[in-house]
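Okay, target13.cif now, which holds mmCIF, C-alpha atoms:
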```cif
data_entry
#
loop_
_atom_site.label_atom_id
_atom_site.label_comp_id
_atom_site.auth_asym_id
_atom_site.auth_seq_id
_atom_site.Cartn_x
_atom_site.Cartn_y
_atom_site.Cartn_z
CA MET A 80 33.50 15.18 -7.88
CA ILE A 81 37.23 14.42 -8.16
CA ALA A 82 36.53 10.69 -8.31
CA ASP A 83 34.11 11.13 -11.20
CA PHE A 84 36.73 13.15 -13.09
CA THR A 85 39.81 10.99 -12.59
CA LYS A 86 38.37 7.46 -12.72
CA PRO A 87 37.61 7.26 -16.48
CA ARG A 88 40.93 8.88 -17.37
CA LEU A 89 42.88 6.53 -15.15
CA ALA A 90 41.19 3.54 -16.79
CA ARG A 91 42.62 4.61 -20.17
CA PHE A 92 46.18 4.36 -18.88
CA PRO A 93 46.62 1.32 -16.65
CA PRO A 94 49.98 1.12 -14.83
CA GLU A 95 51.38 -1.67 -17.05
CA THR A 96 51.06 0.49 -20.20
CA LEU A 97 52.91 3.50 -18.77
CA PRO A 98 56.66 4.03 -18.95
CA PRO A 99 58.70 3.00 -15.88
CA ASP A 100 59.13 6.58 -14.74
CA SER A 101 55.34 7.09 -14.89
CA SER A 102 54.40 4.25 -12.55
CA ARG A 103 54.72 6.54 -9.55
CA LEU A 104 52.29 8.97 -11.18
CA ALA A 105 49.79 6.18 -11.75
CA SER A 106 50.03 5.03 -8.15
CA ASN A 107 49.54 8.61 -6.96
CA LEU A 108 46.44 8.94 -9.12
CA ALA A 109 45.01 5.71 -7.72
CA LEU A 110 45.74 6.89 -4.20
CA SER A 111 44.06 10.23 -4.92
CA LEU A 112 41.04 8.43 -6.31
CA SER A 113 40.76 6.26 -3.22
CA LEU A 114 41.15 9.22 -0.87
CA SER A 115 38.58 11.29 -2.73
CA GLN A 116 36.07 8.47 -2.56
CA THR A 117 36.73 8.05 1.15
CA ASN A 118 36.31 11.78 1.71
CA THR A 119 33.04 11.76 -0.21
CA GLU A 120 31.69 8.97 1.98
CA ARG A 121 32.80 10.79 5.12
CA LEU A 122 31.13 14.01 4.00
CA GLU A 123 27.93 12.12 3.22
CA HIS A 124 28.02 10.52 6.66
CA LEU A 125 28.51 13.89 8.36
CA HIS A 126 25.73 15.41 6.28
CA ARG A 127 23.30 12.68 7.29
CA HIS A 128 24.37 12.96 10.93
CA SER A 129 23.63 16.68 10.93
CA LYS A 130 20.09 16.02 9.63
CA ARG A 131 19.26 13.12 11.95
CA ASN A 132 16.90 15.21 14.16
CA ASN A 133 15.22 17.15 11.35
CA LEU A 134 11.74 16.87 9.90
CA ILE A 135 10.16 18.35 6.78
CA VAL A 136 6.51 19.23 7.44
CA PHE A 137 4.10 19.87 4.56
CA GLY A 138 0.66 21.44 4.78
CA ILE A 139 1.19 24.09 7.48
CA PRO A 140 -0.83 27.16 6.38
CA GLU A 141 0.95 30.46 5.98
CA SER A 142 -0.05 32.88 8.73
CA SER A 143 1.18 36.15 10.15
CA ALA A 144 0.63 34.76 13.66
CA HIS A 145 3.79 32.66 13.31
CA SER A 146 5.78 34.66 10.78
CA THR A 147 9.00 34.72 12.83
CA PRO A 148 11.15 31.58 13.38
CA ALA A 149 10.54 31.69 17.15
CA LYS A 150 6.75 31.86 16.79
CA LEU A 151 6.83 29.20 14.10
CA ALA A 152 8.85 26.88 16.36
CA CYS A 153 6.30 27.25 19.17
CA HIS A 154 3.48 26.59 16.71
CA MET A 155 5.16 23.47 15.33
CA GLN A 156 5.69 22.09 18.82
CA GLY A 157 1.94 22.33 19.41
CA VAL A 158 1.11 20.77 16.02
CA LEU A 159 3.49 17.82 16.26
CA PHE A 160 3.09 16.95 19.90
CA GLN A 161 -0.41 18.28 20.70
CA ALA A 162 1.04 20.65 23.26
CA ALA A 163 -0.31 24.10 24.02
CA PRO A 164 1.81 26.85 22.46
CA ALA A 165 4.33 28.05 25.02
CA THR A 166 7.25 30.41 25.12
CA GLU A 167 9.63 27.65 26.21
CA LEU A 168 10.60 25.04 23.64
CA THR A 169 10.94 21.56 25.15
CA LEU A 170 11.04 19.37 22.02
CA VAL A 171 11.67 21.72 19.07
CA ARG A 172 14.98 23.50 18.65
CA SER A 173 14.10 25.69 15.66
CA ALA A 174 11.79 25.92 12.64
CA PHE A 175 11.73 27.96 9.43
CA ARG A 176 10.08 27.98 6.02
CA LEU A 177 11.81 26.57 2.94
CA GLY A 178 11.92 28.84 -0.11
CA LYS A 179 10.54 32.28 -0.75
CA TRP A 180 6.85 33.13 -0.69
CA LYS A 181 5.27 34.10 -4.01
CA GLN A 182 2.07 36.07 -4.40
CA ASP A 183 0.58 33.58 -6.90
CA GLN A 184 1.53 30.57 -4.77
CA HIS A 185 -1.40 28.40 -3.66
CA LYS A 186 0.31 25.72 -1.58
CA PRO A 187 2.02 26.71 1.66
CA ARG A 188 5.77 26.36 1.88
CA ALA A 189 7.26 23.38 3.67
CA VAL A 190 8.63 23.84 7.18
CA LEU A 191 12.01 22.50 8.28
CA VAL A 192 11.79 21.55 11.95
CA GLU A 193 14.90 20.76 13.98
CA LEU A 194 14.06 18.65 17.02
CA LEU A 195 16.12 18.21 20.16
CA SER A 196 16.53 14.43 19.86
CA VAL A 197 15.94 11.43 17.65
CA ALA A 198 13.38 10.17 20.19
CA ALA A 199 11.30 13.31 19.63
CA LYS A 200 11.47 12.66 15.89
CA HIS A 201 10.13 9.13 16.34
CA THR A 202 7.35 10.46 18.58
CA ALA A 203 6.34 12.92 15.87
CA PHE A 204 6.24 10.14 13.27
CA GLN A 205 3.89 8.13 15.49
CA ALA A 206 1.34 10.94 15.09
CA SER A 207 1.58 10.93 11.28
CA SER A 208 -1.84 9.25 10.89
CA ARG A 209 -3.50 11.94 13.00
CA LEU A 210 -1.71 14.69 11.09
CA ARG A 211 -2.64 13.26 7.67
CA ALA A 212 -6.30 13.61 8.59
CA SER A 213 -5.63 17.36 8.88
CA GLY A 214 -3.76 17.52 5.58
CA ILE A 215 -0.30 17.61 7.21
CA ARG A 216 2.43 15.26 5.97
CA LEU A 217 5.79 14.46 7.55
CA ASP A 218 9.02 13.48 5.84
CA GLU A 219 12.67 13.14 6.74
CA ASP A 220 15.31 15.73 5.88
CA LEU A 221 17.41 13.83 3.33
CA THR A 222 20.72 14.57 1.64
CA PRO A 223 20.95 14.91 -2.17
CA ALA A 224 22.42 11.40 -2.37
CA GLN A 225 19.47 9.98 -0.42
CA MET A 226 16.99 11.84 -2.61
CA LYS A 227 18.63 10.27 -5.65
CA GLN A 228 18.17 6.82 -4.14
CA ARG A 229 14.50 7.56 -3.53
CA ARG A 230 13.96 8.71 -7.11
CA GLY A 231 15.31 5.33 -8.23
CA LEU A 232 12.42 3.69 -6.36
CA SER A 233 9.69 5.96 -7.71
CA THR A 234 8.49 3.39 -10.28
CA ASP A 235 8.13 0.70 -7.61
CA PHE A 236 6.36 3.20 -5.33
CA GLN A 237 3.75 4.07 -7.99
CA CYS A 238 3.25 0.39 -8.88
CA LEU A 239 2.53 -0.58 -5.27
CA LYS A 240 0.33 2.46 -4.74
CA ALA A 241 -1.80 1.66 -7.81
CA ARG A 242 -2.46 -1.86 -6.40
CA GLY A 243 -3.50 -0.53 -2.99
CA TYR A 244 -0.45 -1.63 -0.98
CA LYS A 245 -0.01 1.82 0.70
CA PRO A 246 3.77 2.16 0.24
CA PHE A 247 5.86 4.57 2.30
CA PHE A 248 9.51 5.48 2.82
CA ARG A 249 11.63 5.13 5.92
CA GLY A 250 14.75 7.01 4.98
CA VAL A 251 15.73 5.55 1.62
CA VAL A 252 14.00 2.19 2.26
CA LEU A 253 10.69 1.56 0.46
CA LYS A 254 8.17 -0.38 2.52
CA TYR A 255 4.56 -1.47 1.96
CA ARG A 256 1.71 -2.97 3.95
CA ASP A 257 0.82 -6.58 3.11
CA GLY A 258 -2.24 -7.02 5.28
CA ALA A 259 -1.03 -6.64 8.87
CA VAL A 260 2.63 -7.18 7.89
CA ILE A 261 5.03 -4.43 6.80
CA ARG A 262 7.51 -5.61 4.16
CA LYS A 263 10.51 -4.13 2.38
CA CYS A 264 10.54 -3.62 -1.37
CA ASP A 265 13.86 -3.48 -3.21
CA ARG A 266 14.39 -1.73 -6.52
CA GLY A 267 12.53 -3.46 -9.36
CA GLU A 268 10.71 -5.85 -7.00
CA ALA A 269 7.23 -4.26 -7.08
CA ASN A 270 6.12 -6.04 -10.26
CA ARG A 271 7.14 -9.40 -8.79
CA VAL A 272 5.19 -8.64 -5.60
CA VAL A 273 2.05 -7.75 -7.56
CA ALA A 274 2.35 -10.80 -9.84
CA ALA A 275 2.80 -13.16 -6.88
CA ALA A 276 -0.25 -11.67 -5.14
CA ALA A 277 -2.38 -12.08 -8.29
CA GLN A 278 -1.26 -15.71 -8.70
CA ALA A 279 -2.10 -16.46 -5.06
CA ALA A 280 -5.55 -14.90 -5.49
CA ARG A 281 -6.25 -17.07 -8.55
CA ALA A 282 -5.11 -20.21 -6.72
CA THR A 283 -7.39 -19.40 -3.79
CA ALA A 284 -10.34 -18.84 -6.12
CA ARG A 285 -9.85 -22.31 -7.65
CA THR A 286 -9.74 -24.10 -4.30
CA VAL A 287 -12.85 -22.47 -2.82
CA PRO A 288 -15.91 -24.69 -3.60
CA ARG A 289 -18.74 -23.02 -5.40
CA PRO A 290 -22.07 -22.88 -3.56
CA GLN A 291 -24.58 -25.40 -4.86
CA PRO A 292 -28.11 -24.21 -5.61
CA ALA A 293 -30.73 -25.38 -3.13
CA ARG A 294 -32.72 -28.35 -4.35
CA ARG A 295 -36.49 -28.26 -4.12
CA ALA A 296 -37.93 -31.03 -1.99
CA SER A 297 -40.21 -33.37 -3.93
CA VAL A 298 -43.57 -34.21 -2.30
CA ALA A 299 -45.32 -37.46 -3.14
CA MET A 300 -48.81 -36.92 -4.55
CA ASP A 301 -51.71 -39.28 -5.12
CA PRO A 302 -51.75 -40.31 -8.82
CA THR A 303 -55.50 -39.79 -8.98
CA GLN A 304 -55.05 -36.15 -7.90
CA VAL A 305 -52.43 -35.64 -10.60
CA LEU A 306 -54.77 -36.98 -13.24
CA HIS A 307 -57.68 -34.99 -11.86
CA ARG A 308 -55.65 -31.70 -11.96
CA SER A 309 -54.65 -32.51 -15.52
CA GLY A 310 -58.27 -32.90 -16.57
CA VAL A 311 -58.02 -36.66 -17.18
CA SER A 312 -60.93 -38.84 -16.07
CA VAL A 313 -60.00 -41.94 -14.10
CA LEU A 314 -63.17 -43.74 -15.19
CA GLY A 315 -62.16 -43.31 -18.80
CA HIS A 316 -59.26 -45.65 -18.15
CA LEU A 317 -61.31 -48.36 -16.29
CA SER A 318 -63.50 -50.98 -17.89
CA ASP A 319 -67.05 -51.73 -16.69
CA LEU A 320 -65.97 -55.15 -15.44
CA LEU A 321 -63.35 -53.62 -13.11
CA VAL A 322 -65.86 -51.14 -11.73
CA SER A 323 -68.39 -53.90 -11.02
CA GLU A 324 -65.78 -56.07 -9.28
CA ALA A 325 -64.75 -53.09 -7.11
CA GLN A 326 -68.37 -52.46 -6.09
CA VAL A 327 -68.90 -56.10 -5.19
CA SER A 328 -65.67 -56.21 -3.16
CA MET A 329 -66.55 -53.09 -1.20
CA ALA A 330 -70.05 -54.36 -0.53
CA ALA A 331 -68.64 -57.63 0.81
CA THR A 332 -66.34 -55.84 3.22
CA GLY A 333 -69.12 -53.62 4.46
CA GLU A 334 -67.43 -50.36 3.53
CA GLY A 335 -70.43 -49.20 1.58
CA LEU A 336 -70.97 -48.58 -2.07
CA MET A 337 -69.31 -45.79 -3.99
CA ASP A 338 -70.77 -44.30 -7.08
CA PHE A 339 -68.00 -44.32 -9.70
CA SER A 340 -69.76 -41.93 -11.98
CA GLU A 341 -67.93 -39.46 -14.22
CA ASP A 342 -69.71 -36.59 -12.49
CA GLU A 343 -68.00 -37.50 -9.22
CA PHE A 344 -64.53 -37.14 -10.83
CA GLY A 345 -65.34 -34.10 -12.83
CA GLY A 346 -65.36 -35.96 -16.10
#
```

Go ahead and express the file in the form of structure tokens.
Amino acid sequence: MIADFTKPRLARFPPETLPPDSSRLASNLALSLSLSQTNTERLEHLHRHSKRNNLIVFGIPESSAHSTPAKLACHMQGVLFQAAPATELTLVRSAFRLGKWKQDQHKPRAVLVELLSVAAKHTAFQASSRLRASGIRLDEDLTPAQMKQRRGLSTDFQCLKARGYKPFFRGVVLKYRDGAVIRKCDRGEANRVVAAAAQAARATARTVPRPQPARRASVAMDPTQVLHRSGVSVLGHLSDLLVSEAQVSMAATGEGLMDFSEDEFGG
């Protein structure tokens, strides 16, 4: 807050433009700016450290059976870790609803769950697929600065989701599934990822040979049968002299005589 207020005003009056007796004031302002920025970073670090074991759970129905924080904590331990509800909490430190309940509210309020360790948090995230099937979604408890970073990646998130890449966040890092590989997506990189995938798909389609249609096998056929099926008489294309010579030749070889009449060939 102090850094945002003093930085633009300090830029208007650089040290070389100030009188000699004002140089100490300029150096003090620069020192204050540096200290305020350092303090802001330290506060952000402490804020994130205090939330390291927390989870935000969406989709837990409102019920009077777990209306108190103690009952809700026992219920959340059973939901997250598939453990029977018990009076002793072994993995969950506390749990409570976020916001006030309204009579016209349809969706249940989110639940802030404070776990006992980071390992328990990772174990709960491993069951996210099972919980999504029941309409329950898990998310991390982020600081306002982290939420701002996520909002800067919302366009990339929607772009990847529309193309079926199944994006998800791990803290403030946007990741997506590329087949069996999980990759990281920086800000403004989603369009490049989609364009590269489309170009690779087109290149693959050009290299894959197209299937050739099956060729019908040709079967040799007696020319006389072709003419006969077409209604053409073979005798109409033979002279009487050729017929007589054929009869004499067959008689000489002893194969018997054949009557080459038009009735025999369907003429």

- Message: For a test of reading the model, state the distance in Å between atom CA of Phe247 of chain A and atom CA of Ala212 of chain A, rounded to one decimal.
- Response: 16.4 Å

So that each row is one residue of segment 246-276 of chain A with an atom at most 10 Å from segment 232-239 of chain A, can you give its shortest atom pair and the distance in Å to one decimal, using only C-alpha atoms, rows by chain and rising number, as a Markdown table?
```
| residue | atom | partner | partner_atom | distance |
| --- | --- | --- | --- | --- |
| A:Pro246 | CA | A:Phe236 | CA | 6.2 |
| A:Phe247 | CA | A:Phe236 | CA | 7.8 |
| A:Phe248 | CA | A:Phe236 | CA | 9.0 |
| A:Val251 | CA | A:Leu232 | CA | 8.8 |
| A:Val252 | CA | A:Leu232 | CA | 8.9 |
| A:Leu253 | CA | A:Leu232 | CA | 7.4 |
| A:Lys254 | CA | A:Phe236 | CA | 8.8 |
| A:Tyr255 | CA | A:Leu239 | CA | 7.6 |
| A:Arg256 | CA | A:Leu239 | CA | 9.6 |
| A:Cys264 | CA | A:Asp235 | CA | 8.0 |
| A:Asp265 | CA | A:Leu232 | CA | 8.0 |
| A:Arg266 | CA | A:Leu232 | CA | 5.8 |
| A:Gly267 | CA | A:Asp235 | CA | 6.3 |
| A:Glu268 | CA | A:Asp235 | CA | 7.1 |
| A:Ala269 | CA | A:Asp235 | CA | 5.1 |
| A:Asn270 | CA | A:Cys238 | CA | 7.2 |
| A:Val272 | CA | A:Leu239 | CA | 8.5 |
| A:Val273 | CA | A:Leu239 | CA | 7.5 |
```

- Task: Can you work out which one of A:Arg131, A:Arg216, A:Lys240, A:Lys245 has the shortest atom-to-atom distance to Ala199 of chain A, counting all atoms listed in the file?
- Result: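 Using all atoms listed in the file, the shortest distance to Ala199 of chain A belongs to A:Arg131.
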
- Message: Can you measure atom CA of Ala189 of chain A to atom CA of Val136 of chain A for me? One decimal in Å is fine.
- Response: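 Pair atom CA of Ala189 of chain A / atom CA of Val136 of chain A returns 5.7 Å.
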
- Using the chain letters and numbers from the file, which residues does the PyMOL selection byres ((chain A and resi 178) around 12) grab, as a PyMOL selection string? chain A and resi 175-177+179-181+184+187-191

- Message: Just the number, please: distance in Å from atom CA of Leu210 of chain A to atom CA of Gln182 of chain A, one decimal.
- Response: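 That distance, rounded to one decimal, is 26.7 Å.
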
- Task: Counting all atoms listed in the file, figure out which residue out of A:Leu168, A:Leu194, A:Ile135, A:Ala279 gets nearest to Lys150 of chain A.
- Result: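 Distance minimum relative to Lys150 of chain A lands on A:Leu168.
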
Could you get me a file of segment 228-241 of chain A with all heavy atoms, as a PDB file, in the first residue's frame, taken from the block above?
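Output below, filename selection_0.pdb:
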```pdb
ATOM      1  N   GLN A 228      -3.215 -13.648  -9.364  1.00  0.00           N
ATOM      2  CA  GLN A 228      -2.416 -14.343 -10.364  1.00  0.00           C
ATOM      3  C   GLN A 228      -3.252 -15.377 -11.120  1.00  0.00           C
ATOM      4  O   GLN A 228      -3.089 -15.543 -12.337  1.00  0.00           O
ATOM      5  CB  GLN A 228      -1.220 -15.028  -9.695  1.00  0.00           C
ATOM      6  CG  GLN A 228      -0.194 -14.052  -9.136  1.00  0.00           C
ATOM      7  CD  GLN A 228       0.972 -14.763  -8.459  1.00  0.00           C
ATOM      8  OE1 GLN A 228       1.012 -16.000  -8.380  1.00  0.00           O
ATOM      9  NE2 GLN A 228       1.913 -14.006  -7.947  1.00  0.00           N
ATOM     10  N   ARG A 229      -4.129 -16.051 -10.440  1.00  0.00           N
ATOM     11  CA  ARG A 229      -4.996 -17.020 -11.110  1.00  0.00           C
ATOM     12  C   ARG A 229      -5.937 -16.342 -12.099  1.00  0.00           C
ATOM     13  O   ARG A 229      -6.165 -16.854 -13.200  1.00  0.00           O
ATOM     14  CB  ARG A 229      -5.813 -17.786 -10.073  1.00  0.00           C
ATOM     15  CG  ARG A 229      -5.124 -19.016  -9.544  1.00  0.00           C
ATOM     16  CD  ARG A 229      -6.155 -19.933  -8.908  1.00  0.00           C
ATOM     17  NE  ARG A 229      -5.564 -21.117  -8.337  1.00  0.00           N
ATOM     18  CZ  ARG A 229      -6.258 -22.107  -7.785  1.00  0.00           C
ATOM     19  NH1 ARG A 229      -7.578 -22.021  -7.718  1.00  0.00           N
ATOM     20  NH2 ARG A 229      -5.656 -23.160  -7.286  1.00  0.00           N
ATOM     21  N   ARG A 230      -6.505 -15.213 -11.698  1.00  0.00           N
ATOM     22  CA  ARG A 230      -7.417 -14.510 -12.606  1.00  0.00           C
ATOM     23  C   ARG A 230      -6.705 -14.074 -13.882  1.00  0.00           C
ATOM     24  O   ARG A 230      -7.321 -13.990 -14.945  1.00  0.00           O
ATOM     25  CB  ARG A 230      -8.032 -13.309 -11.900  1.00  0.00           C
ATOM     26  CG  ARG A 230      -9.094 -13.672 -10.867  1.00  0.00           C
ATOM     27  CD  ARG A 230      -9.883 -12.451 -10.434  1.00  0.00           C
ATOM     28  NE  ARG A 230      -9.043 -11.502  -9.706  1.00  0.00           N
ATOM     29  CZ  ARG A 230      -8.874 -11.513  -8.393  1.00  0.00           C
ATOM     30  NH1 ARG A 230      -9.490 -12.428  -7.648  1.00  0.00           N
ATOM     31  NH2 ARG A 230      -8.100 -10.626  -7.803  1.00  0.00           N
ATOM     32  N   GLY A 231      -5.395 -13.818 -13.790  1.00  0.00           N
ATOM     33  CA  GLY A 231      -4.642 -13.484 -14.989  1.00  0.00           C
ATOM     34  C   GLY A 231      -4.494 -14.638 -15.953  1.00  0.00           C
ATOM     35  O   GLY A 231      -4.186 -14.434 -17.131  1.00  0.00           O
ATOM     36  N   LEU A 232      -4.719 -15.863 -15.488  1.00  0.00           N
ATOM     37  CA  LEU A 232      -4.625 -17.053 -16.326  1.00  0.00           C
ATOM     38  C   LEU A 232      -5.985 -17.603 -16.727  1.00  0.00           C
ATOM     39  O   LEU A 232      -6.064 -18.698 -17.294  1.00  0.00           O
ATOM     40  CB  LEU A 232      -3.840 -18.149 -15.590  1.00  0.00           C
ATOM     41  CG  LEU A 232      -2.367 -17.863 -15.301  1.00  0.00           C
ATOM     42  CD1 LEU A 232      -1.805 -18.900 -14.330  1.00  0.00           C
ATOM     43  CD2 LEU A 232      -1.551 -17.852 -16.585  1.00  0.00           C
ATOM     44  N   SER A 233      -7.047 -16.868 -16.442  1.00  0.00           N
ATOM     45  CA  SER A 233      -8.392 -17.381 -16.718  1.00  0.00           C
ATOM     46  C   SER A 233      -8.632 -17.559 -18.217  1.00  0.00           C
ATOM     47  O   SER A 233      -9.285 -18.520 -18.645  1.00  0.00           O
ATOM     48  CB  SER A 233      -9.440 -16.435 -16.126  1.00  0.00           C
ATOM     49  OG  SER A 233      -9.316 -15.139 -16.680  1.00  0.00           O
ATOM     50  N   THR A 234      -8.097 -16.648 -19.051  1.00  0.00           N
ATOM     51  CA  THR A 234      -8.282 -16.778 -20.501  1.00  0.00           C
ATOM     52  C   THR A 234      -7.597 -18.035 -21.028  1.00  0.00           C
ATOM     53  O   THR A 234      -8.161 -18.767 -21.848  1.00  0.00           O
ATOM     54  CB  THR A 234      -7.730 -15.543 -21.212  1.00  0.00           C
ATOM     55  OG1 THR A 234      -8.383 -14.369 -20.707  1.00  0.00           O
ATOM     56  CG2 THR A 234      -7.969 -15.623 -22.713  1.00  0.00           C
ATOM     57  N   ASP A 235      -6.384 -18.299 -20.568  1.00  0.00           N
ATOM     58  CA  ASP A 235      -5.680 -19.513 -20.984  1.00  0.00           C
ATOM     59  C   ASP A 235      -6.407 -20.759 -20.486  1.00  0.00           C
ATOM     60  O   ASP A 235      -6.469 -21.770 -21.195  1.00  0.00           O
ATOM     61  CB  ASP A 235      -4.255 -19.488 -20.444  1.00  0.00           C
ATOM     62  CG  ASP A 235      -3.452 -18.318 -20.979  1.00  0.00           C
ATOM     63  OD1 ASP A 235      -2.846 -18.464 -22.043  1.00  0.00           O
ATOM     64  OD2 ASP A 235      -3.438 -17.260 -20.337  1.00  0.00           O
ATOM     65  N   PHE A 236      -6.959 -20.697 -19.276  1.00  0.00           N
ATOM     66  CA  PHE A 236      -7.687 -21.836 -18.724  1.00  0.00           C
ATOM     67  C   PHE A 236      -8.896 -22.172 -19.602  1.00  0.00           C
ATOM     68  O   PHE A 236      -9.120 -23.347 -19.945  1.00  0.00           O
ATOM     69  CB  PHE A 236      -8.132 -21.522 -17.303  1.00  0.00           C
ATOM     70  CG  PHE A 236      -8.844 -22.647 -16.609  1.00  0.00           C
ATOM     71  CD1 PHE A 236      -8.140 -23.582 -15.868  1.00  0.00           C
ATOM     72  CD2 PHE A 236     -10.226 -22.785 -16.706  1.00  0.00           C
ATOM     73  CE1 PHE A 236      -8.791 -24.623 -15.230  1.00  0.00           C
ATOM     74  CE2 PHE A 236     -10.885 -23.818 -16.076  1.00  0.00           C
ATOM     75  CZ  PHE A 236     -10.166 -24.745 -15.338  1.00  0.00           C
ATOM     76  N   GLN A 237      -9.688 -21.159 -19.972  1.00  0.00           N
ATOM     77  CA  GLN A 237     -10.880 -21.402 -20.791  1.00  0.00           C
ATOM     78  C   GLN A 237     -10.509 -21.880 -22.188  1.00  0.00           C
ATOM     79  O   GLN A 237     -11.213 -22.707 -22.770  1.00  0.00           O
ATOM     80  CB  GLN A 237     -11.712 -20.116 -20.869  1.00  0.00           C
ATOM     81  CG  GLN A 237     -12.288 -19.670 -19.528  1.00  0.00           C
ATOM     82  CD  GLN A 237     -13.238 -20.679 -18.921  1.00  0.00           C
ATOM     83  OE1 GLN A 237     -13.886 -21.458 -19.643  1.00  0.00           O
ATOM     84  NE2 GLN A 237     -13.351 -20.671 -17.611  1.00  0.00           N
ATOM     85  N   CYS A 238      -9.402 -21.370 -22.736  1.00  0.00           N
ATOM     86  CA  CYS A 238      -8.962 -21.798 -24.066  1.00  0.00           C
ATOM     87  C   CYS A 238      -8.579 -23.272 -24.066  1.00  0.00           C
ATOM     88  O   CYS A 238      -8.975 -24.028 -24.960  1.00  0.00           O
ATOM     89  CB  CYS A 238      -7.797 -20.926 -24.530  1.00  0.00           C
ATOM     90  SG  CYS A 238      -7.155 -21.351 -26.167  1.00  0.00           S
ATOM     91  N   LEU A 239      -7.829 -23.703 -23.077  1.00  0.00           N
ATOM     92  CA  LEU A 239      -7.437 -25.112 -22.991  1.00  0.00           C
ATOM     93  C   LEU A 239      -8.636 -26.008 -22.705  1.00  0.00           C
ATOM     94  O   LEU A 239      -8.745 -27.112 -23.242  1.00  0.00           O
ATOM     95  CB  LEU A 239      -6.380 -25.286 -21.902  1.00  0.00           C
ATOM     96  CG  LEU A 239      -5.012 -24.641 -22.160  1.00  0.00           C
ATOM     97  CD1 LEU A 239      -4.131 -24.765 -20.927  1.00  0.00           C
ATOM     98  CD2 LEU A 239      -4.332 -25.267 -23.367  1.00  0.00           C
ATOM     99  N   LYS A 240      -9.544 -25.534 -21.881  1.00  0.00           N
ATOM    100  CA  LYS A 240     -10.723 -26.331 -21.542  1.00  0.00           C
ATOM    101  C   LYS A 240     -11.616 -26.531 -22.758  1.00  0.00           C
ATOM    102  O   LYS A 240     -12.187 -27.617 -22.955  1.00  0.00           O
ATOM    103  CB  LYS A 240     -11.497 -25.650 -20.410  1.00  0.00           C
ATOM    104  CG  LYS A 240     -12.693 -26.439 -19.919  1.00  0.00           C
ATOM    105  CD  LYS A 240     -13.382 -25.733 -18.770  1.00  0.00           C
ATOM    106  CE  LYS A 240     -14.592 -26.519 -18.283  1.00  0.00           C
ATOM    107  NZ  LYS A 240     -15.276 -25.821 -17.164  1.00  0.00           N
ATOM    108  N   ALA A 241     -11.754 -25.500 -23.603  1.00  0.00           N
ATOM    109  CA  ALA A 241     -12.604 -25.611 -24.789  1.00  0.00           C
ATOM    110  C   ALA A 241     -12.033 -26.608 -25.792  1.00  0.00           C
ATOM    111  O   ALA A 241     -12.781 -27.193 -26.571  1.00  0.00           O
ATOM    112  CB  ALA A 241     -12.766 -24.238 -25.442  1.00  0.00           C
TER     113      ALA A 241
END
```
